[in-house]
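*Asks:* Structure file run.txt (compact mmCIF, C-alpha atoms) is given on the next line.
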# COMPACT_ATOMS: atom_id res chain seq x y z
CA MET A 1 -17.64 21.57 -26.96
CA SER A 2 -20.57 19.23 -26.64
CA VAL A 3 -20.97 15.50 -26.98
CA ARG A 4 -24.38 14.11 -27.83
CA LEU A 5 -25.28 11.43 -25.29
CA THR A 6 -27.13 8.27 -26.17
CA GLY A 7 -30.62 8.64 -24.85
CA GLU A 8 -30.27 12.40 -24.32
CA PRO A 9 -33.66 14.10 -24.65
CA ASP A 10 -34.19 16.12 -27.81
CA GLY A 11 -36.41 18.75 -26.22
CA SER A 12 -39.69 17.27 -27.43
CA ASP A 13 -42.69 16.83 -25.12
CA GLY A 14 -43.06 13.19 -26.07
CA ASP A 15 -41.45 10.07 -24.63
CA ASP A 16 -38.30 11.06 -22.68
CA PRO A 17 -35.69 8.22 -22.60
CA ARG A 18 -34.31 9.56 -19.31
CA ARG A 19 -37.65 8.92 -17.62
CA ARG A 20 -37.38 5.28 -18.61
CA ARG A 21 -33.83 4.94 -17.32
CA GLY A 22 -34.69 5.93 -13.78
CA PRO A 23 -32.63 7.87 -11.19
CA ARG A 24 -29.40 5.94 -11.59
CA GLY A 25 -29.47 6.29 -15.38
CA ASP A 26 -30.07 10.02 -15.02
CA LYS A 27 -27.15 10.31 -12.61
CA ALA A 28 -24.74 8.61 -15.03
CA VAL A 29 -25.82 10.66 -18.04
CA ASP A 30 -25.72 13.88 -16.04
CA ALA A 31 -22.21 13.01 -14.78
CA ILE A 32 -21.02 12.39 -18.34
CA ALA A 33 -22.47 15.67 -19.57
CA GLU A 34 -20.96 17.59 -16.66
CA GLY A 35 -17.61 15.83 -17.03
CA VAL A 36 -17.08 16.87 -20.67
CA GLN A 37 -18.63 20.32 -20.42
CA GLY A 38 -16.19 22.96 -21.62
CA ALA A 39 -13.48 20.40 -22.41
CA GLU A 40 -11.00 20.78 -25.24
CA PRO A 41 -10.98 17.80 -27.64
CA ALA A 42 -7.73 16.36 -26.25
CA GLN A 43 -9.18 16.45 -22.73
CA VAL A 44 -12.33 14.45 -23.47
CA PRO A 45 -10.92 10.88 -23.25
CA GLN A 46 -9.28 11.54 -19.89
CA ARG A 47 -12.37 13.28 -18.52
CA LEU A 48 -14.58 10.39 -19.56
CA CYS A 49 -12.20 7.97 -17.84
CA VAL A 50 -12.51 10.00 -14.64
CA VAL A 51 -16.31 10.01 -14.94
CA ALA A 52 -16.33 6.23 -15.43
CA SER A 53 -14.32 5.74 -12.25
CA ARG A 54 -16.84 7.89 -10.37
CA VAL A 55 -20.17 6.54 -11.61
CA LEU A 56 -19.16 2.86 -11.66
CA PRO A 57 -17.95 0.60 -8.84
CA VAL A 58 -14.38 0.64 -10.21
CA THR A 59 -11.13 2.21 -9.05
CA GLY A 60 -9.86 3.40 -12.42
CA ALA A 61 -10.35 3.49 -16.18
CA SER A 62 -8.25 3.86 -19.31
CA VAL A 63 -8.80 4.12 -23.06
CA SER A 64 -6.60 2.78 -25.83
CA LEU A 65 -6.81 2.78 -29.63
CA CYS A 66 -6.09 -0.20 -31.88
CA SER A 67 -3.16 0.08 -34.26
CA ASP A 68 -1.50 -2.84 -36.04
CA GLY A 69 -1.90 -5.18 -33.09
CA LEU A 70 -0.51 -2.64 -30.63
CA PRO A 71 -2.81 -0.82 -28.22
CA VAL A 72 -2.00 2.88 -28.27
CA PRO A 73 -2.80 4.29 -24.82
CA LEU A 74 -4.62 7.62 -24.99
CA SER A 75 -5.73 8.53 -21.49
CA ALA A 76 -6.42 7.19 -18.03
CA SER A 77 -8.22 8.33 -14.92
CA ASP A 78 -5.14 7.97 -12.69
CA PRO A 79 -1.50 6.78 -12.73
CA ARG A 80 -2.34 3.19 -11.75
CA ALA A 81 -4.82 2.83 -14.61
CA ALA A 82 -2.21 4.28 -16.97
CA TYR A 83 0.33 1.76 -15.67
CA LEU A 84 -2.03 -1.18 -16.28
CA MET A 85 -2.70 0.12 -19.78
CA GLU A 86 1.04 0.23 -20.46
CA ILE A 87 1.53 -3.30 -19.05
CA GLN A 88 -0.86 -4.69 -21.64
CA ALA A 89 0.86 -2.75 -24.42
CA THR A 90 4.23 -4.09 -23.27
CA LEU A 91 3.12 -7.70 -22.94
CA GLY A 92 0.96 -7.70 -26.05
CA ASP A 93 -1.55 -9.58 -23.95
CA GLY A 94 -4.41 -8.86 -21.61
CA PRO A 95 -8.16 -8.19 -21.59
CA CYS A 96 -7.94 -4.98 -23.63
CA LEU A 97 -6.09 -6.65 -26.51
CA HIS A 98 -8.52 -9.57 -26.52
CA ALA A 99 -11.49 -7.19 -26.60
CA ALA A 100 -9.89 -5.19 -29.41
CA ARG A 101 -9.21 -8.33 -31.47
CA THR A 102 -12.69 -9.82 -31.04
CA GLY A 103 -14.77 -6.66 -30.89
CA ALA A 104 -16.59 -8.16 -27.91
CA PRO A 105 -16.53 -7.29 -24.19
CA VAL A 106 -14.01 -9.17 -22.04
CA LEU A 107 -14.98 -9.42 -18.38
CA ALA A 108 -12.33 -10.75 -16.02
CA PRO A 109 -13.94 -10.63 -12.56
CA ASP A 110 -11.15 -12.37 -10.65
CA LEU A 111 -7.51 -12.14 -11.73
CA THR A 112 -6.42 -14.07 -8.64
CA SER A 113 -7.94 -17.41 -9.66
CA ALA A 114 -8.84 -19.55 -12.66
CA PRO A 115 -9.88 -19.04 -15.37
CA ASP A 116 -8.86 -15.36 -15.53
CA ALA A 117 -5.48 -15.85 -13.86
CA HIS A 118 -4.65 -18.65 -16.32
CA ARG A 119 -5.86 -16.72 -19.35
CA TRP A 120 -3.32 -13.91 -18.97
CA PRO A 121 -0.90 -15.23 -16.33
CA VAL A 122 1.78 -12.52 -16.55
CA PHE A 123 -0.66 -9.66 -16.81
CA ALA A 124 -2.78 -11.11 -13.98
CA GLN A 125 0.28 -11.35 -11.75
CA GLN A 126 1.39 -7.77 -12.44
CA ALA A 127 -2.13 -6.41 -12.11
CA THR A 128 -2.70 -8.08 -8.75
CA GLU A 129 0.69 -6.84 -7.55
CA ALA A 130 -0.57 -3.34 -8.41
CA GLY A 131 -3.68 -3.99 -6.30
CA ILE A 132 -6.13 -4.73 -9.12
CA ARG A 133 -8.30 -7.84 -8.88
CA ALA A 134 -10.77 -7.41 -11.76
CA VAL A 135 -10.74 -5.90 -15.27
CA TYR A 136 -13.63 -5.20 -17.61
CA ALA A 137 -12.63 -4.34 -21.20
CA LEU A 138 -15.30 -2.92 -23.51
CA PRO A 139 -14.68 -2.42 -27.24
CA LEU A 140 -15.20 1.00 -28.76
CA GLY A 141 -17.22 -0.03 -31.75
CA ALA A 142 -17.45 -3.68 -32.78
CA GLY A 143 -15.78 -6.27 -34.99
CA ASP A 144 -13.81 -4.81 -37.90
CA ARG A 145 -14.89 -1.31 -36.82
CA CYS A 146 -13.43 -1.57 -33.33
CA LEU A 147 -11.51 1.63 -32.61
CA GLY A 148 -10.04 0.50 -29.31
CA THR A 149 -11.17 -0.30 -25.79
CA LEU A 150 -12.41 1.28 -22.59
CA ASP A 151 -10.82 -0.64 -19.71
CA LEU A 152 -12.22 -0.57 -16.19
CA TYR A 153 -10.18 -1.72 -13.19
CA ARG A 154 -11.34 -2.73 -9.72
CA ASP A 155 -9.41 -3.53 -6.55
CA ALA A 156 -11.90 -6.21 -5.45
CA PRO A 157 -12.94 -9.31 -7.42
CA GLY A 158 -16.51 -9.64 -8.62
CA GLU A 159 -18.89 -9.32 -11.54
CA LEU A 160 -20.35 -5.96 -12.50
CA PRO A 161 -24.08 -6.00 -11.71
CA ALA A 162 -26.32 -5.78 -14.78
CA ARG A 163 -27.24 -2.12 -14.17
CA GLU A 164 -23.60 -1.07 -13.77
CA LEU A 165 -22.60 -3.11 -16.83
CA HIS A 166 -25.25 -1.24 -18.82
CA THR A 167 -23.81 2.07 -17.59
CA ALA A 168 -20.34 0.87 -18.61
CA HIS A 169 -21.61 0.19 -22.13
CA VAL A 170 -23.11 3.70 -22.20
CA MET A 171 -19.69 5.08 -21.25
CA ALA A 172 -18.05 3.06 -24.03
CA GLY A 173 -20.63 4.33 -26.50
CA VAL A 174 -20.01 7.95 -25.53
CA MET A 175 -16.24 7.40 -25.77
CA THR A 176 -16.70 5.90 -29.25
CA VAL A 177 -18.77 8.88 -30.40
CA ALA A 178 -16.18 11.27 -28.98
CA LEU A 179 -13.27 9.59 -30.75
CA MET A 180 -15.16 9.38 -34.06
CA GLU A 181 -16.78 12.80 -34.13
CA LEU A 182 -14.67 15.26 -32.13
CA PRO A 183 -12.00 15.85 -34.82
CA TYR A 184 -14.62 16.93 -37.35
CA GLY A 185 -16.88 19.25 -35.35
CA GLU A 186 -16.80 22.99 -35.99
CA GLU A 187 -16.66 23.55 -32.23
CA ASN A 188 -13.19 22.02 -32.07
CA GLY A 189 -11.32 25.24 -32.73
CA GLY A 190 -10.12 24.36 -36.23
CA LEU A 191 -8.76 20.96 -35.27
CA GLY A 192 -10.76 19.22 -37.94
CA ASP A 193 -7.66 17.43 -39.16
CA GLY A 194 -7.65 15.31 -36.00
CA SER A 195 -4.32 16.72 -34.81
CA TRP A 196 -5.59 16.69 -31.21
CA LEU A 197 -5.81 12.90 -31.39
CA SER A 198 -2.32 12.65 -32.87
CA ASP A 199 -1.00 14.73 -29.98
CA LEU A 200 -2.43 12.26 -27.45
CA ALA A 201 -0.69 9.33 -29.13
CA THR A 202 2.63 11.07 -29.80
CA ASP A 203 4.58 9.00 -27.27
CA HIS A 204 3.78 5.81 -29.16
CA ASP A 205 5.31 7.15 -32.37
CA GLU A 206 8.62 6.01 -30.85
CA VAL A 207 7.33 2.44 -30.64
CA TYR A 208 6.82 2.40 -34.41
CA GLN A 209 10.17 4.10 -35.00
CA ALA A 210 11.90 1.57 -32.78
CA THR A 211 10.14 -1.32 -34.51
CA GLY A 212 11.38 -0.05 -37.87
CA MET A 213 14.93 0.32 -36.55
CA ILE A 214 14.90 -3.25 -35.18
CA MET A 215 13.59 -4.49 -38.53
CA ALA A 216 16.55 -2.85 -40.26
CA GLN A 217 19.11 -4.00 -37.68
CA LEU A 218 18.01 -7.65 -37.67
CA ARG A 219 16.45 -7.85 -41.16
CA ILE A 220 13.21 -9.24 -39.80
CA GLY A 221 9.52 -8.48 -40.28
CA ALA A 222 7.42 -6.00 -38.32
CA ASP A 223 5.64 -8.57 -36.16
CA GLU A 224 8.87 -10.21 -35.06
CA ALA A 225 10.52 -6.83 -34.46
CA LEU A 226 7.65 -5.73 -32.23
CA ALA A 227 7.80 -9.06 -30.38
CA ARG A 228 11.56 -8.57 -29.82
CA LEU A 229 10.95 -5.07 -28.48
CA ARG A 230 8.27 -6.32 -26.10
CA ALA A 231 10.44 -9.19 -24.90
CA HIS A 232 13.33 -6.80 -24.30
CA ALA A 233 11.09 -4.43 -22.35
CA PHE A 234 9.75 -7.25 -20.20
CA ALA A 235 13.21 -8.66 -19.52
CA GLN A 236 14.44 -5.21 -18.46
CA GLY A 237 11.40 -4.54 -16.29
CA ARG A 238 10.42 -1.58 -18.45
CA THR A 239 7.40 -0.52 -20.45
CA VAL A 240 7.45 -0.88 -24.21
CA LEU A 241 7.56 2.93 -24.40
CA GLY A 242 10.71 3.07 -22.29
CA ALA A 243 12.39 0.34 -24.31
CA ALA A 244 11.44 2.05 -27.58
CA HIS A 245 12.94 5.33 -26.40
CA GLU A 246 16.23 3.57 -25.72
CA VAL A 247 16.26 2.21 -29.26
CA VAL A 248 15.29 5.50 -30.92
CA THR A 249 17.97 7.40 -28.99
CA HIS A 250 20.56 4.76 -30.01
CA ARG A 251 21.21 3.61 -26.44
CA THR A 252 20.11 0.09 -27.37
CA ARG A 253 20.91 -1.75 -30.59
CA PHE A 254 19.47 -5.19 -31.18
CA ASP A 255 22.18 -6.22 -33.61
CA GLU A 256 24.71 -5.76 -30.81
CA GLU A 257 22.88 -7.91 -28.26
CA PRO A 258 24.34 -11.35 -27.52
CA PRO A 259 22.53 -14.22 -29.27
Would you mind writing the file's structure down as structure tokens?
*Replies:*
Amino acid sequence: MSVRLTGEPDGSDGDDPRRRRGPRGDKAVDAIAEGVQGAEPAQVPQRLCVVASRVLPVTGASVSLCSDGLPVPLSASDPRAAYLMEIQATLGDGPCLHAARTGAPVLAPDLTSAPDAHRWPVFAQQATEAGIRAVYALPLGAGDRCLGTLDLYRDAPGELPARELHTAHVMAGVMTVALMELPYGEENGGLGDGSWLSDLATDHDEVYQATGMIMAQLRIGADEALARLRAHAFAQGRTVLGAAHEVVTHRTRFDEEPP
């Protein structure tokens, strides 16, 4: 499989964009190309997250899709990045959700102090407890066409320098292209129906099932049911996925909880 990179030369003898980018730009584009070479469609998001954590001054990366106000985690470079992705899904708050809602980058260079620590106080506390001091969330697409976010995590506070921020936007652009085009390419082994993407998000089907069950049990709307599920997960010290599994397997019923 191949992913066309922004600024990748087209083989002509004319102006080569990679000459204009300079050595660091070449290194990033080459790392992206090498990282996805030979990958199956379902492997591409995770591989790009790993590449991002290597070419940028960050300790991890994750990618989530937007779906009815709930970020659906797809892949992460490592377990800690996956955990931070799940925290935001559980809380319904954090840089990735804000970036997804606005379609604009959200840069939180210091989660240990104002204003970032005050903006998302619970997420900031849990992120810093996990050893993360800065988060940079970049939308995949923009505005109403935002597919999700690429989230970058760092264990030291600080802004991303302009050159690294540009590289991060290149990574987000490549991730966007991958998510939009991979299901439809002939090189995807007949997965033109996008089933590879559904497989990545399978775990979060239980969140929607649980939300529907809570709606029926309490006779409430979807937004309130999802809020109840998140609150229950937080109170139990669990992820929203774990809490949803308990509901779907009938180990937890919300109409039996004390008022």
*Asks:* Please provide the set of residues having any atom within 6 Å of Cys49 in chain A, restricted to all atoms listed in the file, with same-chain residues fewer than 4 positions apart removed, written as a PyMOL selection string.
*Replies:* chain A and resi 61-62+76-77
*Asks:* Select, counting all atoms listed in the file, all protein, DNA and RNA residues no farther than 9 Å from (-8.4, -8.0, -32.4) in file coordinates, and express the selection as a PyMOL selection string.
*Replies:* chain A and resi 66+69+97-103+143-144+146
*Asks:* Just the selected residues (C-alpha atoms), exported as a tab-separated table (two decimals), in the frame of the given file, please.
*Replies:*
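And here's selection34.tsv as it stands now:
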chain	number	residue	atom	x	y	z
A	66	CYS	CA	-6.09	-0.20	-31.88
A	69	GLY	CA	-1.90	-5.18	-33.09
A	97	LEU	CA	-6.09	-6.65	-26.51
A	98	HIS	CA	-8.52	-9.57	-26.52
A	99	ALA	CA	-11.49	-7.19	-26.60
A	100	ALA	CA	-9.89	-5.19	-29.41
A	101	ARG	CA	-9.21	-8.33	-31.47
A	102	THR	CA	-12.69	-9.82	-31.04
A	103	GLY	CA	-14.77	-6.66	-30.89
A	143	GLY	CA	-15.78	-6.27	-34.99
A	144	ASP	CA	-13.81	-4.81	-37.90
A	146	CYS	CA	-13.43	-1.57	-33.33
*Asks:* What lies within 10 Å of Leu229 in chain A using all atoms listed in the file, ignoring chain neighbours under 3 positions off, as number ranges by chain?
*Replies:* A: 90-91, 207, 210-211, 214, 223-226, 232-235, 239-241, 243-244, 247, 254
*Asks:* Just the selected residues (C-alpha atoms), exported as a compact mmCIF listing (two decimals), in the coordinates of the input, please.
*Replies:*
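File result04.txt, as written:
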# COMPACT_ATOMS: atom_id res chain seq x y z
CA THR A 90 4.23 -4.09 -23.27
CA LEU A 91 3.12 -7.70 -22.94
CA VAL A 207 7.33 2.44 -30.64
CA ALA A 210 11.90 1.57 -32.78
CA THR A 211 10.14 -1.32 -34.51
CA ILE A 214 14.90 -3.25 -35.18
CA ASP A 223 5.64 -8.57 -36.16
CA GLU A 224 8.87 -10.21 -35.06
CA ALA A 225 10.52 -6.83 -34.46
CA LEU A 226 7.65 -5.73 -32.23
CA HIS A 232 13.33 -6.80 -24.30
CA ALA A 233 11.09 -4.43 -22.35
CA PHE A 234 9.75 -7.25 -20.20
CA ALA A 235 13.21 -8.66 -19.52
CA THR A 239 7.40 -0.52 -20.45
CA VAL A 240 7.45 -0.88 -24.21
CA LEU A 241 7.56 2.93 -24.40
CA ALA A 243 12.39 0.34 -24.31
CA ALA A 244 11.44 2.05 -27.58
CA VAL A 247 16.26 2.21 -29.26
CA PHE A 254 19.47 -5.19 -31.18
*Asks:* Between A:Leu140, A:Leu218, A:Ile87, A:Ala130, which one has atoms that come closest to Ala172 in chain A, using all atoms listed in the file?
*Replies:*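 Among A:Leu140, A:Leu218, A:Ile87, A:Ala130, it is A:Leu140 that comes nearest to Ala172 in chain A.
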*Asks:* At a cut-off of 12 Å, can you tabulate as CSV every residue of range 144-182 of chain A near range 31-46 of chain A together with its closest atom pair and the distance in Å to one decimal, using only C-alpha atoms and ordering rows by chain then number?
*Replies:*
residue,atom,partner,partner_atom,distance
A:Thr149,CA,A:Pro45,CA,11.5
A:Leu150,CA,A:Pro45,CA,9.7
A:Thr167,CA,A:Ile32,CA,10.7
A:Ala168,CA,A:Ile32,CA,11.5
A:Val170,CA,A:Ile32,CA,9.7
A:Met171,CA,A:Ile32,CA,8.0
A:Ala172,CA,A:Pro45,CA,10.6
A:Gly173,CA,A:Ile32,CA,11.5
A:Val174,CA,A:Ile32,CA,8.5
A:Met175,CA,A:Pro45,CA,6.8
A:Thr176,CA,A:Pro45,CA,9.7
A:Val177,CA,A:Pro45,CA,10.8
A:Ala178,CA,A:Val44,CA,7.4
A:Leu179,CA,A:Pro45,CA,8.0
A:Met180,CA,A:Pro41,CA,11.4
A:Glu181,CA,A:Pro41,CA,10.0
A:Leu182,CA,A:Pro41,CA,6.3
*Asks:* Give me, please, the distance in Å between CA of Pro95 in chain A and CA of Val248 in chain A, quoted to one decimal.
*Replies:*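 One can read the CA of Pro95 in chain A to CA of Val248 in chain A distance as 28.7 Å.
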*Asks:* Go through A:Arg238, A:Ala28, A:Leu70, A:Arg80 one by one, measure the shortest atom-to-atom distance of each to Arg54 in chain A using all atoms listed in the file, and give the residue with the smallest value.
*Replies:* A:Ala28
*Asks:* Quick one: distance from CA of Asp255 in chain A to CA of Ala231 in chain A in Å, one decimal?
*Replies:*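 So the two atoms, CA of Asp255 in chain A and CA of Ala231 in chain A, lie 14.9 Å apart.
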*Asks:* Tell me, in Å to one decimal, how far CA of Glu246 in chain A is from CA of Val122 in chain A.
*Replies:*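 Interatomic distance here is 23.5 Å.
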*Asks:* May I ask which of the residues A:Val72, A:Ala104, A:Ala227, A:Leu111 is the closest one to Arg145 in chain A, counting only C-alpha atoms?
*Replies:*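 Checking each of A:Val72, A:Ala104, A:Ala227, A:Leu111 against Arg145 in chain A, counting only C-alpha atoms, the winner is A:Ala104.
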